[in-house]
>>> print(open('coords04.cif').read())   # mmCIF, C-alpha atoms and all ligand atoms
data_upload
#
loop_
_atom_site.label_atom_id
_atom_site.label_comp_id
_atom_site.auth_asym_id
_atom_site.auth_seq_id
_atom_site.Cartn_x
_atom_site.Cartn_y
_atom_site.Cartn_z
CA MET A 1 -6.94 5.07 -20.43
CA LEU A 2 -10.70 5.16 -19.97
CA VAL A 3 -12.40 4.57 -16.62
CA GLN A 4 -16.14 4.02 -16.44
CA GLY A 5 -18.45 4.54 -13.50
CA ARG A 6 -20.74 6.89 -11.64
CA LEU A 7 -18.81 10.08 -11.02
CA LEU A 8 -18.59 11.24 -7.43
CA ILE A 9 -17.67 14.77 -8.48
CA ASP A 10 -19.55 16.34 -5.58
CA PRO A 11 -20.47 14.01 -2.70
CA HIS A 12 -23.48 16.21 -1.94
CA LYS A 13 -25.05 15.23 -5.27
CA PRO A 14 -26.02 11.82 -6.66
CA PRO A 15 -23.20 10.37 -8.77
CA VAL A 16 -23.90 10.59 -12.49
CA PRO A 17 -23.06 7.66 -14.83
CA GLY A 18 -20.08 8.61 -16.94
CA TRP A 19 -16.44 8.11 -17.72
CA VAL A 20 -13.02 9.67 -17.26
CA ARG A 21 -10.19 9.71 -19.80
CA VAL A 22 -6.75 9.77 -18.23
CA GLU A 23 -3.61 10.86 -20.05
CA GLY A 24 -0.10 11.48 -18.79
CA GLY A 25 -0.99 11.46 -15.11
CA ARG A 26 -3.90 13.86 -15.45
CA ILE A 27 -7.59 13.74 -16.20
CA ALA A 28 -7.91 14.70 -19.88
CA GLU A 29 -11.67 14.48 -20.29
CA VAL A 30 -14.78 13.77 -18.24
CA GLY A 31 -18.03 12.72 -19.88
CA GLU A 32 -21.55 11.68 -18.93
CA GLY A 33 -23.29 8.59 -20.30
CA ASP A 34 -21.78 5.50 -21.88
CA SER A 35 -18.04 5.06 -22.14
CA PRO A 36 -16.92 5.91 -25.72
CA ALA A 37 -14.71 2.79 -25.82
CA LEU A 38 -13.92 -0.28 -23.75
CA PRO A 39 -12.84 1.00 -20.32
CA ALA A 40 -9.59 -0.18 -18.67
CA ALA A 41 -11.31 -0.07 -15.28
CA GLY A 42 -14.75 0.30 -13.75
CA GLY A 43 -18.14 -0.42 -15.26
CA SER A 44 -21.71 0.82 -15.20
CA GLU A 45 -22.19 -0.14 -11.52
CA ALA A 46 -18.86 1.26 -10.30
CA ILE A 47 -18.29 4.55 -8.48
CA ILE A 48 -15.36 6.79 -9.36
CA THR A 49 -14.07 8.99 -6.52
CA PRO A 50 -10.92 11.04 -6.03
CA GLY A 51 -8.41 9.05 -3.96
CA PHE A 52 -8.28 9.67 -0.22
CA ILE A 53 -5.82 12.09 1.30
CA ASP A 54 -4.56 11.77 4.88
CA ALA A 55 -3.41 15.09 6.38
CA HIS A 56 -1.49 13.60 9.32
CA LEU A 57 0.26 10.29 9.89
CA HIS A 58 3.55 8.84 11.13
CA LEU A 59 5.19 6.32 8.79
CA PRO A 60 7.43 4.73 11.49
CA GLN A 61 4.38 4.06 13.65
CA ILE A 62 2.44 1.73 11.33
CA ASP A 63 3.22 -1.30 13.48
CA ALA A 64 2.49 0.47 16.78
CA ILE A 65 -1.30 0.68 16.49
CA GLY A 66 -3.36 -0.47 19.45
CA CYS A 67 -0.90 -0.09 22.36
CA ASP A 68 -3.60 1.08 24.71
CA GLY A 69 -3.85 2.41 28.26
CA LEU A 70 -1.27 5.19 28.30
CA GLU A 71 -1.48 8.97 28.40
CA LEU A 72 0.15 10.76 25.42
CA LEU A 73 3.53 11.57 27.00
CA GLU A 74 3.86 8.12 28.54
CA TRP A 75 2.73 6.49 25.29
CA LEU A 76 5.40 8.40 23.38
CA GLU A 77 8.08 7.26 25.81
CA ARG A 78 7.01 3.63 26.16
CA VAL A 79 5.61 2.81 22.71
CA ILE A 80 6.49 5.41 20.09
CA PHE A 81 10.10 6.30 20.80
CA PRO A 82 11.08 2.59 20.89
CA ALA A 83 9.32 2.14 17.54
CA GLU A 84 11.06 5.16 16.01
CA LEU A 85 14.47 4.08 17.38
CA LYS A 86 14.26 1.10 15.03
CA TRP A 87 14.92 3.45 12.13
CA GLY A 88 18.51 3.62 13.42
CA ASN A 89 18.80 0.65 11.07
CA ALA A 90 18.48 2.22 7.62
CA GLY A 91 17.47 -1.07 6.03
CA PHE A 92 14.61 -1.48 8.48
CA ALA A 93 13.50 2.12 7.87
CA GLN A 94 13.42 1.51 4.14
CA GLN A 95 11.40 -1.65 4.52
CA GLN A 96 8.91 0.03 6.84
CA ILE A 97 8.45 3.02 4.53
CA ASP A 98 7.74 0.65 1.63
CA GLU A 99 5.29 -1.28 3.79
CA ALA A 100 3.57 1.94 4.89
CA HIS A 101 3.23 3.09 1.30
CA GLN A 102 1.80 -0.22 0.25
CA ARG A 103 -0.72 -0.25 3.10
CA LEU A 104 -1.76 3.31 2.27
CA LEU A 105 -2.38 2.38 -1.35
CA ARG A 106 -4.37 -0.65 -0.26
CA ALA A 107 -6.54 1.63 1.91
CA GLY A 108 -7.10 4.01 -0.99
CA THR A 109 -4.96 6.79 0.45
CA LEU A 110 -3.19 8.19 -2.59
CA GLY A 111 -1.78 11.30 -0.93
CA TYR A 112 -0.64 12.24 2.56
CA ALA A 113 1.18 14.64 4.86
CA GLY A 114 3.36 12.75 7.30
CA TYR A 115 6.27 12.38 9.65
CA LEU A 116 9.42 10.29 9.35
CA THR A 117 11.73 9.95 12.41
CA SER A 118 14.57 12.22 13.50
CA HIS A 119 17.11 10.03 11.64
CA GLY A 120 18.57 11.85 8.65
CA HIS A 121 18.78 8.75 6.47
CA GLY A 122 14.99 8.33 6.60
CA ILE A 123 14.68 11.06 4.00
CA GLY A 124 16.70 9.19 1.37
CA GLY A 125 14.69 6.05 2.10
CA TRP A 126 11.45 7.95 1.76
CA ILE A 127 12.41 9.52 -1.57
CA ASP A 128 13.55 6.14 -2.81
CA SER A 129 10.28 4.49 -1.81
CA LEU A 130 8.26 7.15 -3.65
CA ARG A 131 9.93 6.02 -6.88
CA ARG A 132 8.35 2.60 -6.36
CA PHE A 133 5.09 3.83 -4.84
CA PRO A 134 4.39 7.21 -6.44
CA LEU A 135 1.93 8.59 -3.90
CA ARG A 136 1.48 12.31 -3.64
CA ALA A 137 3.16 13.27 -0.39
CA THR A 138 4.76 15.78 1.88
CA ALA A 139 6.83 14.55 4.81
CA GLY A 140 9.82 15.53 6.87
CA GLN A 141 12.48 14.54 9.33
CA VAL A 142 11.13 14.87 12.87
CA LEU A 143 12.92 17.68 14.70
CA MET A 144 13.43 17.07 18.44
CA ASP A 145 16.26 17.87 20.82
CA ARG A 146 14.90 16.96 24.25
CA ALA A 147 12.43 14.77 26.17
CA GLY A 148 13.33 11.63 24.27
CA PRO A 149 16.08 9.01 24.01
CA PRO A 150 19.49 10.44 22.98
CA ALA A 151 19.49 8.46 19.74
CA LEU A 152 16.41 10.46 18.68
CA THR A 153 17.29 13.85 20.20
CA ASN A 154 20.98 14.07 19.20
CA GLN A 155 20.10 14.50 15.60
CA VAL A 156 21.80 16.01 12.61
CA ILE A 157 19.29 18.22 10.84
CA GLU A 158 19.22 17.48 7.14
CA PRO A 159 18.86 20.41 4.76
CA LEU A 160 15.61 20.51 2.86
CA ARG A 161 15.88 19.46 -0.74
CA GLY A 162 13.67 18.90 -3.71
CA VAL A 163 12.17 15.51 -4.32
CA PRO A 164 12.49 14.17 -7.89
CA GLY A 165 9.27 14.43 -9.86
CA ASP A 166 6.49 16.81 -8.92
CA ARG A 167 4.46 14.56 -6.64
CA ALA A 168 6.27 14.99 -3.35
CA SER A 169 7.94 17.63 -1.25
CA MET A 170 9.77 17.79 2.03
CA SER A 171 8.30 19.53 5.06
CA VAL A 172 9.69 20.85 8.35
CA ASN A 173 8.39 18.71 11.23
CA PRO A 174 9.22 19.98 14.72
CA ARG A 175 7.61 17.20 16.81
CA PHE A 176 5.95 19.51 19.38
CA ALA A 177 6.94 22.13 21.93
CA VAL A 178 7.62 19.50 24.60
CA SER A 179 10.46 17.93 22.64
CA CYS A 180 11.84 21.09 20.98
CA SER A 181 13.95 23.72 22.74
CA GLY A 182 13.52 27.39 21.86
CA ASP A 183 16.82 27.19 19.97
CA LEU A 184 15.46 24.41 17.80
CA LEU A 185 12.09 26.13 17.23
CA LYS A 186 14.02 29.22 16.10
CA THR A 187 15.31 27.27 13.09
CA VAL A 188 11.87 26.20 11.87
CA ALA A 189 10.56 29.36 10.18
CA PRO A 190 13.87 30.14 8.38
CA MET A 191 14.05 26.52 7.20
CA SER A 192 10.54 26.53 5.80
CA ALA A 193 11.09 30.01 4.33
CA GLY A 194 7.37 30.25 3.67
CA LEU A 195 7.79 27.61 0.95
CA PHE A 196 7.96 24.27 2.70
CA MET A 197 5.09 23.11 4.85
CA ILE A 198 5.50 23.05 8.62
CA GLN A 199 3.91 20.14 10.48
CA THR A 200 3.63 19.92 14.24
CA HIS A 201 1.37 18.88 17.12
CA LEU A 202 -0.61 21.36 19.22
CA ALA A 203 -2.62 20.99 22.43
CA GLU A 204 -3.43 17.31 22.13
CA SER A 205 -3.53 16.26 25.80
CA LYS A 206 -4.05 18.35 28.94
CA ARG A 207 -0.84 17.09 30.50
CA GLU A 208 1.10 18.09 27.37
CA CYS A 209 -0.38 21.61 27.58
CA GLU A 210 0.70 21.94 31.23
CA VAL A 211 4.24 20.83 30.41
CA VAL A 212 4.50 23.30 27.53
CA LEU A 213 3.41 26.23 29.68
CA GLU A 214 6.03 25.20 32.29
CA LEU A 215 8.73 25.02 29.60
CA PHE A 216 7.80 28.31 27.92
CA LYS A 217 6.82 30.45 30.91
CA GLU A 218 7.08 33.68 28.94
CA CYS A 219 4.37 32.57 26.48
CA GLU A 220 0.70 33.33 26.96
CA SER A 221 -0.52 30.02 25.61
CA TYR A 222 0.61 26.89 23.81
CA THR A 223 -0.34 28.44 20.46
CA ASP A 224 1.58 31.56 21.42
CA VAL A 225 4.77 29.44 21.59
CA TYR A 226 4.48 28.64 17.90
CA GLU A 227 3.40 32.22 17.16
CA ARG A 228 6.53 33.67 18.80
CA PHE A 229 8.75 31.44 16.71
CA GLY A 230 6.98 32.50 13.51
CA MET A 231 5.65 29.00 12.93
CA LEU A 232 2.01 29.92 12.28
CA THR A 233 1.91 30.26 8.51
CA GLN A 234 -0.60 29.43 5.80
CA ARG A 235 1.44 26.32 5.18
CA THR A 236 1.41 25.12 8.79
CA LEU A 237 -0.47 21.98 9.80
CA LEU A 238 -1.34 21.90 13.50
CA ALA A 239 -2.44 18.43 14.54
CA HIS A 240 -5.10 17.91 17.24
CA ALA A 241 -5.82 21.38 18.72
CA VAL A 242 -8.13 19.83 21.30
CA HIS A 243 -7.48 22.20 24.21
CA LEU A 244 -7.54 25.77 22.90
CA SER A 245 -8.80 29.04 24.34
CA GLU A 246 -10.85 31.54 22.34
CA ALA A 247 -7.75 33.66 21.88
CA GLU A 248 -5.84 30.70 20.47
CA TRP A 249 -8.61 29.90 17.97
CA ARG A 250 -8.62 33.54 16.90
CA LEU A 251 -4.86 33.58 16.47
CA ILE A 252 -4.87 30.43 14.33
CA ALA A 253 -7.66 31.89 12.19
CA GLU A 254 -5.75 35.14 11.78
CA ARG A 255 -2.62 33.34 10.67
CA ASP A 256 -4.68 31.13 8.34
CA SER A 257 -2.91 27.97 9.56
CA VAL A 258 -4.57 24.59 9.18
CA VAL A 259 -5.84 22.54 12.11
CA VAL A 260 -5.74 18.82 11.45
CA HIS A 261 -8.50 17.05 13.32
CA CYS A 262 -7.45 13.51 14.32
CA PRO A 263 -10.60 12.05 15.88
CA GLY A 264 -9.48 8.42 16.13
CA ALA A 265 -6.26 9.40 17.87
CA ASN A 266 -7.98 11.78 20.28
CA THR A 267 -10.32 9.01 21.38
CA PHE A 268 -7.63 6.33 21.54
CA LEU A 269 -5.36 8.37 23.85
CA GLU A 270 -8.38 9.92 25.62
CA ALA A 271 -6.88 13.28 24.75
CA GLY A 272 -10.29 14.93 24.44
CA ALA A 273 -13.21 15.59 22.11
CA PHE A 274 -12.31 18.08 19.39
CA ASP A 275 -14.46 21.22 19.25
CA LEU A 276 -15.53 21.24 15.61
CA HIS A 277 -18.00 24.00 16.40
CA ALA A 278 -15.25 26.34 17.63
CA ALA A 279 -13.10 25.57 14.58
CA ARG A 280 -15.99 26.45 12.26
CA GLU A 281 -17.13 29.50 14.22
CA HIS A 282 -13.64 30.94 13.98
CA GLY A 283 -13.33 30.10 10.30
CA VAL A 284 -10.22 28.00 10.88
CA ARG A 285 -9.13 25.89 7.92
CA LEU A 286 -9.67 22.26 8.80
CA ALA A 287 -8.21 18.98 7.61
CA LEU A 288 -8.63 15.39 8.73
CA GLY A 289 -5.88 12.96 9.68
CA SER A 290 -5.55 9.34 10.70
CA ASP A 291 -2.61 10.10 13.02
CA VAL A 292 -1.55 6.47 12.91
CA ALA A 293 -0.42 5.09 15.37
CA ALA A 294 -2.40 7.09 17.96
CA GLY A 295 -5.22 6.74 15.48
CA PRO A 296 -6.08 3.08 14.89
CA ASP A 297 -7.36 3.40 11.31
CA LEU A 298 -5.33 4.00 8.20
CA ALA A 299 -8.51 3.94 6.09
CA MET A 300 -9.77 7.51 5.74
CA PRO A 301 -13.48 6.58 5.51
CA ARG A 302 -13.09 5.14 9.02
CA VAL A 303 -11.43 8.34 10.18
CA ALA A 304 -14.39 10.20 8.66
CA ARG A 305 -16.75 7.93 10.60
CA SER A 306 -14.80 8.60 13.77
CA MET A 307 -15.15 12.36 13.21
CA ILE A 308 -18.92 12.03 12.83
CA GLU A 309 -19.21 9.82 15.90
CA VAL A 310 -17.14 12.13 18.09
CA ALA A 311 -19.27 15.09 16.98
CA LYS A 312 -22.46 13.13 17.76
CA LEU A 313 -21.18 12.11 21.18
CA ARG A 314 -20.19 15.68 21.93
CA ARG A 315 -23.70 16.78 21.04
CA ILE A 316 -25.26 14.04 23.20
CA LEU A 317 -23.04 14.78 26.18
CA THR A 318 -23.15 18.59 26.07
CA GLY A 319 -26.81 18.82 25.09
CA GLN A 320 -25.83 21.69 22.77
CA SER A 321 -26.96 21.88 19.19
CA THR A 322 -23.42 21.79 17.83
CA PRO A 323 -22.98 20.71 14.22
CA VAL A 324 -22.40 17.11 13.20
CA PRO A 325 -20.79 16.71 9.76
CA SER A 326 -22.91 14.82 7.26
CA PRO A 327 -21.38 11.80 5.48
CA ALA A 328 -21.11 13.95 2.32
CA GLU A 329 -19.22 16.66 4.21
CA ALA A 330 -16.93 14.04 5.74
CA TRP A 331 -16.27 12.46 2.32
CA LYS A 332 -15.42 15.87 0.93
CA MET A 333 -12.94 16.38 3.77
CA ILE A 334 -11.02 13.17 3.05
CA THR A 335 -10.76 14.04 -0.66
CA ARG A 336 -10.99 17.64 -1.91
CA GLY A 337 -10.97 19.23 1.57
CA ASN A 338 -7.64 17.73 2.56
CA ALA A 339 -6.19 18.53 -0.87
CA GLU A 340 -7.08 22.21 -0.39
CA ALA A 341 -5.68 22.24 3.14
CA LEU A 342 -2.38 20.86 1.85
CA GLY A 343 -2.30 23.41 -0.96
CA TRP A 344 -2.72 20.77 -3.67
CA GLN A 345 -4.99 22.76 -5.96
CA ASP A 346 -5.19 20.10 -8.65
CA ALA A 347 -5.96 17.16 -6.32
CA GLY A 348 -9.15 15.65 -4.95
CA LEU A 349 -11.06 16.57 -8.09
CA ILE A 350 -12.70 14.85 -11.03
CA GLU A 351 -12.29 17.45 -13.75
CA PRO A 352 -10.05 18.00 -16.78
CA GLY A 353 -6.55 19.05 -15.74
CA ALA A 354 -6.73 17.51 -12.28
CA ARG A 355 -4.25 14.87 -11.20
CA ALA A 356 -5.44 11.37 -12.02
CA ASP A 357 -5.40 9.90 -8.50
CA LEU A 358 -8.67 8.02 -8.51
CA LEU A 359 -10.40 5.06 -6.91
CA VAL A 360 -12.93 2.83 -8.58
CA LEU A 361 -15.32 1.45 -5.96
CA GLN A 362 -17.65 -1.53 -6.28
CA PRO A 363 -19.91 -1.22 -3.24
CA PRO A 364 -21.75 -4.40 -2.26
CA PHE A 365 -25.08 -2.57 -2.00
CA GLU A 366 -27.51 -0.77 -4.25
CA ILE A 367 -26.86 2.87 -4.88
CA ASP A 368 -29.45 5.13 -3.27
CA GLU A 369 -29.53 8.49 -1.51
CA HIS A 370 -27.56 7.00 1.43
CA LEU A 371 -24.59 6.04 -0.72
CA ILE A 372 -21.93 8.04 1.15
CA GLY A 373 -23.25 7.10 4.59
CA ARG A 374 -23.26 3.44 3.60
CA LEU A 375 -19.71 3.71 2.28
CA ILE A 376 -18.43 5.40 5.43
CA TYR A 377 -20.19 3.15 7.93
CA THR A 378 -19.55 -0.16 6.18
CA TRP A 379 -16.16 0.68 4.71
CA ARG A 380 -13.75 -2.12 3.81
CA ASP A 381 -10.70 -1.78 1.57
CA ALA A 382 -12.21 -4.62 -0.48
CA MET A 383 -14.74 -2.11 -1.88
CA ILE A 384 -11.88 -0.66 -3.93
CA ALA A 385 -11.93 -2.37 -7.32
CA ALA A 386 -9.13 -0.30 -8.86
CA ARG A 387 -6.60 2.36 -7.89
CA ILE A 388 -5.32 4.89 -10.40
CA VAL A 389 -2.21 6.61 -9.11
CA ASP A 390 -0.49 9.30 -11.15
CA GLY A 391 -2.58 8.16 -14.10
CA ARG A 392 -1.61 4.50 -13.89
CA LEU A 393 -3.67 1.54 -12.85
CA ILE A 394 -1.82 -0.13 -10.01
CA ASP A 395 -2.10 -3.49 -8.37
CA VAL A 396 -1.73 -4.09 -4.64
CA PRO A 397 -2.70 -7.31 -2.86
CA ALA A 398 -6.29 -7.10 -1.68
CA VAL A 399 -5.70 -8.93 1.58
CA GLU A 400 -3.77 -7.46 4.50
CA ASN A 401 -0.40 -9.13 4.38
CA ASP A 402 1.78 -9.01 7.47
CA SER A 403 4.95 -10.23 5.87
CA PRO A 404 7.47 -7.56 4.91
CA VAL A 405 7.04 -6.26 1.42
CA THR A 406 9.88 -6.77 -0.99
CA ALA A 407 10.86 -3.83 -3.09
CA GLY A 408 9.69 -3.79 -6.67
CA ARG A 409 6.35 -5.50 -6.14
CA PHE A 410 4.60 -2.43 -7.43
CA PRO A 411 3.58 -3.38 -10.96
CA GLY A 412 3.02 0.22 -12.06
CA ALA A 413 6.58 1.08 -11.09
CA ALA A 414 7.86 -1.79 -13.21
CA GLY A 415 6.18 -0.18 -16.20
CA ASN A 416 3.39 -2.69 -16.69
CA GLY A 417 0.58 -0.44 -15.57
CA VAL A 418 -2.24 0.02 -18.04
CA ASP A 419 -2.21 3.33 -19.84
N1 LIG A 501 2.84 14.52 19.92
C1 LIG A 501 4.17 14.50 19.70
N2 LIG A 501 4.54 13.45 18.99
C2 LIG A 501 3.40 12.75 18.73
C3 LIG A 501 3.13 11.55 18.02
O1 LIG A 501 4.02 10.88 17.46
N3 LIG A 501 1.82 11.16 17.98
C4 LIG A 501 0.84 11.88 18.57
N4 LIG A 501 -0.41 11.45 18.49
N5 LIG A 501 1.08 13.00 19.26
C5 LIG A 501 2.34 13.44 19.33
FE FE A 502 0.69 12.77 15.28
#
>>> encode(input="coords04.cif", output="structure tokens")
Amino acid sequence: MLVQGRLLIDPHKPPVPGWVRVEGGRIAEVGEGDSPALPAAGGSEAIITPGFIDAHLHLPQIDAIGCDGLELLEWLERVIFPAELKWGNAGFAQQQIDEAHQRLLRAGTLGYAGYLTSHGHGIGGWIDSLRRFPLRATAGQVLMDRAGPPALTNQVIEPLRGVPGDRASMSVNPRFAVSCSGDLLKTVAPMSAGLFMIQTHLAESKRECEVVLELFKECESYTDVYERFGMLTQRTLLAHAVHLSEAEWRLIAERDSVVVHCPGANTFLEAGAFDLHAAREHGVRLALGSDVAAGPDLAMPRVARSMIEVAKLRRILTGQSTPVPSPAEAWKMITRGNAEALGWQDAGLIEPGARADLLVLQPPFEIDEHLIGRLIYTWRDAMIAARIVDGRLIDVPAVENDSPVTAGRFPGAAGNGVD
């Protein structure tokens, strides 16, 4: 399959007119100039970009966006746990996973790291859904044994297993130190065995930090809790990290764990303004996440915009000359940057050998030196003219559709994608 368009290989450089040849799920060839044959997608005015990658989201929370006015712990209790309890019905869970996958594809997110609920059967439903919607993904059963309703905390922990195909893997997802006893946290490192990713939340709200220090009195800091349980690995994703001391930043940098910045969520729950400067100064690996449903936007360009805006506000309010990411830097984060943070070496790239997870954009404006800024600040899913997932052109309805999605509406999965 040939795709024609200006190649956004490096968002810091102007996109060059060219084409991409896709074969067997990977990019086979990349060329500049006119397409050597009739393209299956794109055109001379189109832009080709790697698909977006979301480094932190909660699949069971896709219908819980916008429940405003609560502090994190109260929001979890009043909004999120009721939403996650609905997965007690396996059929509902399946339908919501399918819906989440379809909405992600619509938004151009072709890969993600996420959370299910603490129900064991969610895993089977998730694996099943990935057969219909072959996104690249890592996700796991939420581990929690306290500070929640019994139907979520009395869980049976499912063993980790391989996911068919090579596009998805399970992760170990202890919710956060508030809802995990020491006994539960002890199981995390052996389960991950340095192979499976660990995903958790760290220092999101001040109240949460106080509760954690009360619960783990012997620990020096919130980060030290995870350190003592051997959870700070190179494959650990720590979401939020808003309230950290110098020593905690240093420890995270030393362990080479990834901090996932979730700017939309931090603003929505008034958790705080992330210190991008500290993260950079300490050389901490950084990723960007929507954190739906605390974050209101599934679309990663909007999350990128939120990151830029939070950084600008921080600069305005502190009067310090702290760095504000440029649109090009932000675009890189939601594509190649997040791929690197998740350890997906062949993702987020337009080069031979890379996975063919691409978007063809048709922006409604002329292409000039402000291309990426215009995309980020005026983003609408309708700018996506085509989605290439695992090398296949897929078709998802362009308009947000609130009705539940029926299984099998994914044309690529039915074998009628264009190759
Ligand atoms: N901390 C623990 N669980 C959650 C969650 O589901 N969302 C957010 N934003 N923070 C959390
Ligand atoms: Fe989260």
>>> residues_near_ligand(input="coords04.cif", ligand="ligand LIG 501 (chain A)", cutoff="9 Å", atoms="all atoms listed in the file", output="JSON, numbers by chain")
{"A": [57, 58, 61, 72, 73, 75, 76, 80, 81, 115, 174, 175, 176, 177, 178, 179, 200, 201, 202, 203, 204, 205, 208, 239, 240, 262, 265, 266, 269, 291, 292, 293, 294, 295]}
>>> residues_around(input="coords04.cif", residues="A:Ala386", least_positions_apart="6", cutoff="10 Å", atoms="only C-alpha atoms", output="list in words")
Val3, Ala40, Ala41, Gly42, Ala46, Ile48, Arg106, Gly108, Leu358, Leu359, Val360, Leu361, Gln362, Leu393, Ile394, Asp395 and Val396 of chain A
>>> atom_distance(input="coords04.cif", atom1="atom CA of A:Gly51", atom2="atom CA of A:Cys67")
28.9 Å
